[in-house]
Amino acid sequence: MINKKHPISKILSYVFLIVLAYIMTYPLLWMIGAAFKSNDEIFSTLGLFPKNPVFGAFSEGWKGTGQYGFDRFLTNTFLMVLPTVVFTALSSTLVGYGFARFQFPFKKTLFLIMLSTMMLPATVIIIPRYIFFKKLGWLDSYLPFIIPALLGCFPFFNFMMVQFFRGLPLELDESAKLDGCNSFVILKDILLPLCKSAIFSVIVFQFVWTWNDFMNVLIYISSVAKYPVALGLRMTMDISTEFNWNQIMAMSLVSIFPPILLFFTAQKYFVEGIATTGMKN
Amino acid sequence: MLKHKKYSFEGYLYILPWLLGFLLLQFVPLINSFWYSFTDFQLLGDAKFIGLQNYKKMFVSDPTFLKSLSVTFYYVLIAVPCKIAFALVIALILNQRIRGINFFRTLYYIPSILGGSVAISVLWKYLFMNQGIINNLLSVVGIPGQDWLGNPNLALGTISLVTVWQFGSSMLLFLAGLKQIPECLYEAARIDGAGKMKIFWKITLPGLSPIVLFNLIMQMINAFQEFTPAFVITQGGPLKSTYLYGLMLYDQGFKFFKMGYSSALSWILFAIILFFTSLTFKSSQSWVHYGDTL
């Protein structure tokens with residue numbers, strides 16, 4: 001793009017990028033290999049590929065803590081993550097539309113407030129929220145994750161949607177209005193189909209963040225029966241004898257699989273979405 | 001753009017979810033947290049006003065507070081600049097008509113999807129423990145193994161590596177920013193005979209400066225509150241060398257249930273974050289360039 005590079009420097013760039021890619025992915029490749037190695041082999045060889053592949057680590061590890069297996073932990077995670085993601089997509093779309101397309105009293109002030117809450121550290125409000133949810137009897141349920149999503153408490157996504165709606169031409173709304181559509185129909189039938197990439201980004205981000213969330217589940221979920229995979233994995237690690245490395249690696253692998261899969265499926269939209277939102281402030 | 005729109009209350013219908021959420025789940029908690037910080041609230045029982053006792057306690061009679069504070073500063077100071085610098089360099093390399101750019105971009109981004117998860121923390125533990133794979137690799141090239149997680153001088157660095165490993169998200173923003181810098185600026189510079197370094201310092205970096213600022217602020221806010229790796233990999237040890245502020249907040253609030261004291265601690269963290277972000281914003285007036293290009 002900039003100028004014709006000498007082939008040498010270009011080759012160096014490639015070598016660097018490939019070596020870096022190897023270093024970056026080495027931990028993950030090692031994890032995959034380790035899940036198929038016997039426990040004797042895991043730390044005694046350097047190769048990524050198992051010499052004598054064993055497949056028992058998955059079925060053994062799947063049993064989890066004995067009382068509850070990873071089928072339970074994974075189901076729990078989906079029960080927590082899916083509503084959270086759906087409601088986040090819904091609320092951020094509505095809020096984004098509201099801020100981007102309407103004039104109302106105190107709009108500027110409210111928008112500034114929303115922006116500034118993006119920088120409000122979660123740790124400051126975690127204790128009062130915990131006490132609030134406790135009073136409501138929501139502890140040890142997934143409501144502390146789902147309700148904030150429903151109420152648009154992720155200003156980052158609201159902002160992302162605002163920016164995206166702003167990028168859509170106003171003429172779309174105008175002509176639909178002339179045809180007698182009300183604002184909700186305009187959103188639903190005209191703007192929403194154009195928002196795919198932005199909404200995909202919201203979905204992927206929120207799915208990954210909620211899936212990986214550790215501190216909040218640690219605080220809110222106390223009974224093992226309701227453990228999401230993050231807590232289940234940590235518990236398995238803590239209670240298993242230290243020689244069950246391959247099982248732990250196998251289950252770690254299982255636990256990162258859904259976010260990776262989603263990322264690759266939605267990647268095209270996702271990268272687009274980042275590019276549009278990161279830039280327009 | 002919106003000027004010819006009617007002023008109406010219809011917009012409120014759409015932002016209503018957020019408005020409720022902001023009031024109930026952000027604003028009221030913020031006020032409550034401030035109030036708790038002046039009380040001896042312990043989850044069970046009532047909150048009794050004790051003035052500045054909590055704030056006094058952390059500076060006078062709680063040595064772990066100062067320890068945790070310094071650990072957190074070290075961590076932010078190592079992890080954030082390394083991550084951003086790394087992201088910038090890789091973005092610059094990827095931006096030169098590289099074949100397979102999508103492949104590399106995706107590969108480098110994967111850690112950012114996984115970074116915060118328990119699985120990665122567990123993996124890190126296995127990589128860096130004494131008989132772990134890193135020491136095995138080092139022994140092959142004849143470097144003596146290190147006690148990466150047990151040596152108080154190394155543990156925080158090992159934890160920071162998890163953060164730096166996730167440079168992909170910052171890198172994506174830099175790549176998007178690089179595409180926004182108009183080609184004509186580069187051409188003009190080349191016609192004027194500017195060298196590569198000069199072009200970088202005079203065109204590329206100023207053009208990217210708003211993104212540097214954005215990354216700096218967001219990464220700083222996150223880093224000050226980091227939790228998972230330190231909690232899972234080292235539990236704050238050895239000798240509290242990885243006892244990040246987030247761990248202390250968790251311990252005080254949800255292990256010892258000292259809600260009042262923990263709230264006070266969280267307000268100190270809030271003040272620190274506010275101080276450093278506004279300092280960054282203030283300083284940015286002299287180094288961030290909002291050209292008509294961005």
# chains A, B, ... in the order shown; residues from 1 in each chain; ligands from 1
>>> select_by_dssp(residues="region 73-191 of chain B", states="alpha helix (DSSP H)", output="PyMOL selection string")
chain B and resi 73-94+101-114+118-128+133-140+155-165+168-180+183-191
>>> closest_atom_pairs(of="chain B", to="chain A", cutoff="6 Å", atoms="only C-alpha atoms", output="CSV")
residue,atom,partner,partner_atom,distance
B:Tyr7,CA,A:Gln103,CA,5.0
B:Ser8,CA,A:Phe104,CA,5.3
B:Phe9,CA,A:Phe104,CA,5.6
B:Gly11,CA,A:Gly98,CA,4.8
B:Tyr14,CA,A:Gly98,CA,4.8
B:Ile15,CA,A:Val95,CA,4.4
B:Pro17,CA,A:Leu151,CA,4.5
B:Trp18,CA,A:Gly152,CA,4.5
B:Gly21,CA,A:Leu151,CA,4.6
B:Pro29,CA,A:Pro128,CA,5.0
B:Leu30,CA,A:Ile125,CA,5.6
B:Ser33,CA,A:Pro128,CA,5.8
B:Gln96,CA,A:Met1,CA,5.8
B:Arg97,CA,A:Met1,CA,5.6
B:Gly116,CA,A:Asn212,CA,5.9
B:Ser117,CA,A:Asn212,CA,4.5
B:Val118,CA,A:Ala230,CA,5.7
B:Ala119,CA,A:Ser252,CA,4.7
B:Ala176,CA,A:Ala275,CA,5.5
B:Ser266,CA,A:Val124,CA,5.1
>>> write_last_selection(atoms="C-alpha atoms", output="CSV table (one decimal), in the first residue's frame")
chain,number,residue,atom,x,y,z
B,7,TYR,CA,-39.2,17.5,19.3
B,8,SER,CA,-41.2,14.7,20.9
B,9,PHE,CA,-41.3,12.3,23.8
B,11,GLY,CA,-37.7,8.8,21.8
B,14,TYR,CA,-37.0,3.6,23.0
B,15,ILE,CA,-34.4,4.6,25.6
B,17,PRO,CA,-35.0,0.3,29.1
B,18,TRP,CA,-31.6,2.0,29.5
B,21,GLY,CA,-31.4,0.3,34.1
B,29,PRO,CA,-26.0,1.6,43.4
B,30,LEU,CA,-23.4,4.3,42.9
B,33,SER,CA,-21.9,2.4,47.5
B,96,GLN,CA,1.7,-3.4,4.3
B,97,ARG,CA,0.0,-5.4,1.6
B,116,GLY,CA,-10.6,-13.7,30.3
B,117,SER,CA,-11.7,-17.3,30.7
B,118,VAL,CA,-10.9,-19.7,33.4
B,119,ALA,CA,-9.7,-22.2,30.8
B,176,ALA,CA,-9.2,0.1,11.0
B,266,SER,CA,-13.8,0.6,45.6
>>> atom_distance(atom1="CA of Ile190 (chain A)", atom2="CA of Leu173 (chain B)")
29.0 Å
>>> residues_around(residues="Leu205 (chain B)", least_positions_apart="3", cutoff="10 Å", atoms="only C-alpha atoms", output="number ranges by chain")
B: 88, 178, 199-202, 208-212, 287-289
>>> closest_residue(among="A:Val185, A:Gly180, A:Tyr142, A:Leu172", to="Ser222 (chain A)", atoms="only C-alpha atoms")
A:Tyr142
